[in-house]
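> Input: one structure, supplied below.
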Amino acid sequence: MKRAGLFLLLALVLPAAAGADPPQSGIVHAPRPPGASLARWGAELYAGNCSSCHGSNGAGIADRGPTLKGVGARAADFYLTTGYMPLHSPTDQPHRGRQLLSGPEVGAIVAYIASLGGPPIPKPHPERGSVAEGLQLFTDHCAGCHQVAAAGGYVKGAVVPALGQATPAQVAEAVRIGPYLMPRFSRKQISDRQLDSIVAYVQYAKHPQDPGGWSLGHVGPVPEGLVTWLIAGVVLVGLCVVIGERMRRE
């Protein structure tokens, strides 16, 4: 009788488990409840994916995650669309990766965090900016870490990301929120008009023009000069060998 009950239990549980979609990488997915608002659905997704570090109702947890009250949709959209969040461990450095939640799920969590107060997602207008001005501003404020070609780099305690995959909104968000070790720039430091120019330059840097020929990583004249001297040295050595061979025959 006990065996029959066990078989019956397995027959009921196994098909349901096989048909379920197990979360990958610790991510919890939840369908939108019928009639639920976007923010309410986002609250459920937040509880499953964010509350263990950021606490219930976005209050934050000491030594695990900061409060999300007041950060708004701006910060939530940046960290989720870049794959910076959710982190496997609160001690990990956030870095750009695959977006672990679907687009609608991200929108729902962003709507929930936005309901806690804070700025909206920015809408930069790079078409209104100047690439030349953006290059100057990027050189002054960003190139020290990201390189002038926006190719990323290394600083003490962090890996600086390349900006080749950054969208205009993500660039604008990063400038205003200062993710991880990056400084935060207020509107007094970088105005919205100047930010449009920075975004325009970052977009240009993804596919820059190379009227001079080889780009060599777009990192400036130093490698170009080194390669030029290397080629010139090879040519001079070759000429010396040819001249020496001819003089020996004579």
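Following the order of the structure tokens, chains are lettered A, B, ..., residues in each are numbered from 1, and ligands are numbered from 1.
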Once you count only C-alpha atoms, what closest atom pair and distance in Å to one decimal does each residue of range 162-193 of chain A within 12 Å of range 115-122 of chain A have, with rows by chain and rising residue number, as a Markdown table?

| residue | atom | partner | partner_atom | distance |
| --- | --- | --- | --- | --- |
| A:Thr167 | CA | A:Pro122 | CA | 11.5 |
| A:Pro168 | CA | A:Pro122 | CA | 9.1 |
| A:Ala169 | CA | A:Pro122 | CA | 6.1 |
| A:Gln170 | CA | A:Pro122 | CA | 8.6 |
| A:Val171 | CA | A:Pro122 | CA | 9.6 |
| A:Ala172 | CA | A:Pro122 | CA | 6.6 |
| A:Glu173 | CA | A:Pro122 | CA | 6.7 |
| A:Ala174 | CA | A:Pro122 | CA | 10.4 |
| A:Val175 | CA | A:Pro122 | CA | 10.7 |
| A:Arg176 | CA | A:Pro122 | CA | 9.4 |
| A:Ile177 | CA | A:Pro119 | CA | 10.3 |
| A:Asp192 | CA | A:Pro122 | CA | 9.8 |
> Can you pull out every residue within 8 Å of range 33-38 of chain A, counting only C-alpha atoms, but drop anything in the same chain fewer than 4 positions away, and send it as a PyMOL selection string?
chain A and resi 42+107-108+111-112
> Which neighbours of Cys50 in chain A fall inside 10 Å, counting only C-alpha atoms, when residues of the same chain fewer than 6 positions from it are skipped, and could you give them as a compact mmCIF listing (two decimals) with N, CA and C atoms, in the first residue's frame?

# COMPACT_ATOMS: atom_id res chain seq x y z
N ILE A 27 18.35 32.82 -11.20
CA ILE A 27 17.36 33.83 -11.55
C ILE A 27 15.96 33.25 -11.40
N VAL A 28 15.09 34.02 -10.79
CA VAL A 28 13.70 33.60 -10.58
C VAL A 28 12.81 34.30 -11.60
N ALA A 43 7.29 43.95 -8.35
CA ALA A 43 7.52 43.69 -6.93
C ALA A 43 7.75 42.20 -6.67
N GLU A 44 7.01 41.36 -7.39
CA GLU A 44 7.20 39.91 -7.24
C GLU A 44 8.56 39.48 -7.77
N SER A 56 13.68 44.00 1.68
CA SER A 56 12.28 44.15 1.30
C SER A 56 11.95 45.63 1.15
N GLY A 58 13.02 47.61 -0.90
CA GLY A 58 14.17 48.41 -1.34
C GLY A 58 14.88 49.14 -0.24
N GLY A 60 17.41 48.17 1.56
CA GLY A 60 18.84 47.90 1.64
C GLY A 60 19.20 47.00 2.81
N GLY A 65 23.80 45.17 0.13
CA GLY A 65 23.30 45.99 -0.97
C GLY A 65 22.72 47.29 -0.46
N MET A 85 23.48 43.54 -12.88
CA MET A 85 22.67 42.92 -11.83
C MET A 85 21.69 41.94 -12.46
N PRO A 86 21.28 40.92 -11.74
CA PRO A 86 21.65 40.55 -10.37
C PRO A 86 23.06 39.95 -10.29
N LEU A 87 23.75 40.17 -9.18
CA LEU A 87 25.08 39.62 -8.96
C LEU A 87 24.97 38.23 -8.33
N ILE A 109 10.54 45.29 -13.13
CA ILE A 109 11.34 45.62 -11.95
C ILE A 109 11.68 47.11 -11.95
> Give the alpha helix (DSSP H) residues of range 93-198 of chain A, as DSSP finds them on the backbone, and put them as JSON, numbers by chain.
{"A": [103, 104, 105, 106, 107, 108, 109, 110, 111, 112, 113, 114, 131, 132, 133, 134, 135, 136, 137, 138, 139, 140, 141, 143, 144, 145, 146, 168, 169, 170, 171, 172, 173, 174, 175, 176, 177, 192, 193, 194, 195, 196, 197, 198]}
> CA of Gly48 in chain A and CA of Val110 in chain A are how many Å apart?
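CA of Val110 in chain A lies at a distance of 14.3 Å from CA of Gly48 in chain A.
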> Which residue gives the smallest distance to Glu133 in chain A among A:Lys69, A:Ser52, A:Leu195, A:Ile231, with only C-alpha atoms counted?
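Among A:Lys69, A:Ser52, A:Leu195, A:Ile231, it is A:Leu195 that comes nearest to Glu133 in chain A.
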> Write out as a short mmCIF file (atom, residue, chain, number, x, y, z; two decimals) with C-alpha atoms, in the first residue's frame the residues lying within 10 Å of Gly55 in chain A, counting only C-alpha atoms and excluding same-chain residues fewer than 5 positions away.

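As written to disk, part-v5.cif reads:
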data_model
loop_
_atom_site.label_atom_id
_atom_site.label_comp_id
_atom_site.auth_asym_id
_atom_site.auth_seq_id
_atom_site.Cartn_x
_atom_site.Cartn_y
_atom_site.Cartn_z
CA TYR A 46 12.14 42.00 -7.15
CA ALA A 47 11.34 39.76 -4.19
CA CYS A 50 16.85 41.46 -5.59
CA GLY A 60 18.84 47.90 1.64
CA ILE A 61 20.87 45.47 3.77
CA ALA A 62 24.11 46.45 5.47
CA ARG A 64 25.09 43.37 1.08
CA GLY A 65 23.30 45.99 -0.97
CA PRO A 66 22.38 49.69 -0.75
CA THR A 67 18.89 51.06 -0.46
CA LEU A 68 17.06 51.56 -3.73
#
> Find the residues around Val202 in chain A up to 7 Å (only C-alpha atoms counted), leave out those fewer than 4 positions away in its own chain, and share them as a VMD selection string.
chain A and resid 150 198 206
> Give me the residues near range 178-190 of chain A as a CSV table (one decimal) with C-alpha atoms, in the first residue's frame, where near means some atom within 10 Å (using only C-alpha atoms) and where sequence neighbours in that chain fewer than 3 positions away do not count.

chain,number,residue,atom,x,y,z
A,75,ALA,CA,19.7,53.3,-12.0
A,78,PHE,CA,21.2,50.7,-16.2
A,79,TYR,CA,22.1,47.9,-13.9
A,84,TYR,CA,25.5,44.3,-14.0
A,93,GLN,CA,32.6,43.4,-9.2
A,94,PRO,CA,29.6,44.2,-11.5
A,95,HIS,CA,30.5,43.9,-15.1
A,137,LEU,CA,34.7,66.4,-22.8
A,141,HIS,CA,36.4,63.4,-17.8
A,142,CYS,CA,36.5,59.8,-19.1
A,145,CYS,CA,40.0,55.2,-17.3
A,155,VAL,CA,42.4,50.9,-12.6
A,156,LYS,CA,43.2,49.8,-9.1
A,157,GLY,CA,40.6,47.5,-7.8
A,158,ALA,CA,38.5,47.4,-11.0
A,159,VAL,CA,38.3,46.5,-14.7
A,160,VAL,CA,37.0,49.5,-16.7
A,173,GLU,CA,22.7,56.8,-17.0
A,174,ALA,CA,26.3,55.9,-16.1
A,175,VAL,CA,27.4,59.6,-16.2
A,193,ARG,CA,23.7,69.6,-23.6
A,194,GLN,CA,27.3,68.5,-23.0
A,195,LEU,CA,26.1,65.0,-22.2
A,196,ASP,CA,24.5,64.8,-25.6
A,198,ILE,CA,29.6,62.9,-25.0
> Identify all residues of range 24-237 of chain A in strand (DSSP E or B) (DSSP on the backbone) and supply them as a ChimeraX atom specification.
/A:61,65,153-155,158-160
> Expressed in Å to a single decimal, how great is the separation between CA of Ser197 in chain A and CA of Gly83 in chain A?
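About the pair CA of Ser197 in chain A and CA of Gly83 in chain A: they are 25.4 Å apart.
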> What separation in Å, quoted to one decimal, exists between CA of His54 in chain A and CA of Pro104 in chain A?
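Going from CA of His54 in chain A over to CA of Pro104 in chain A, I get 21.0 Å.
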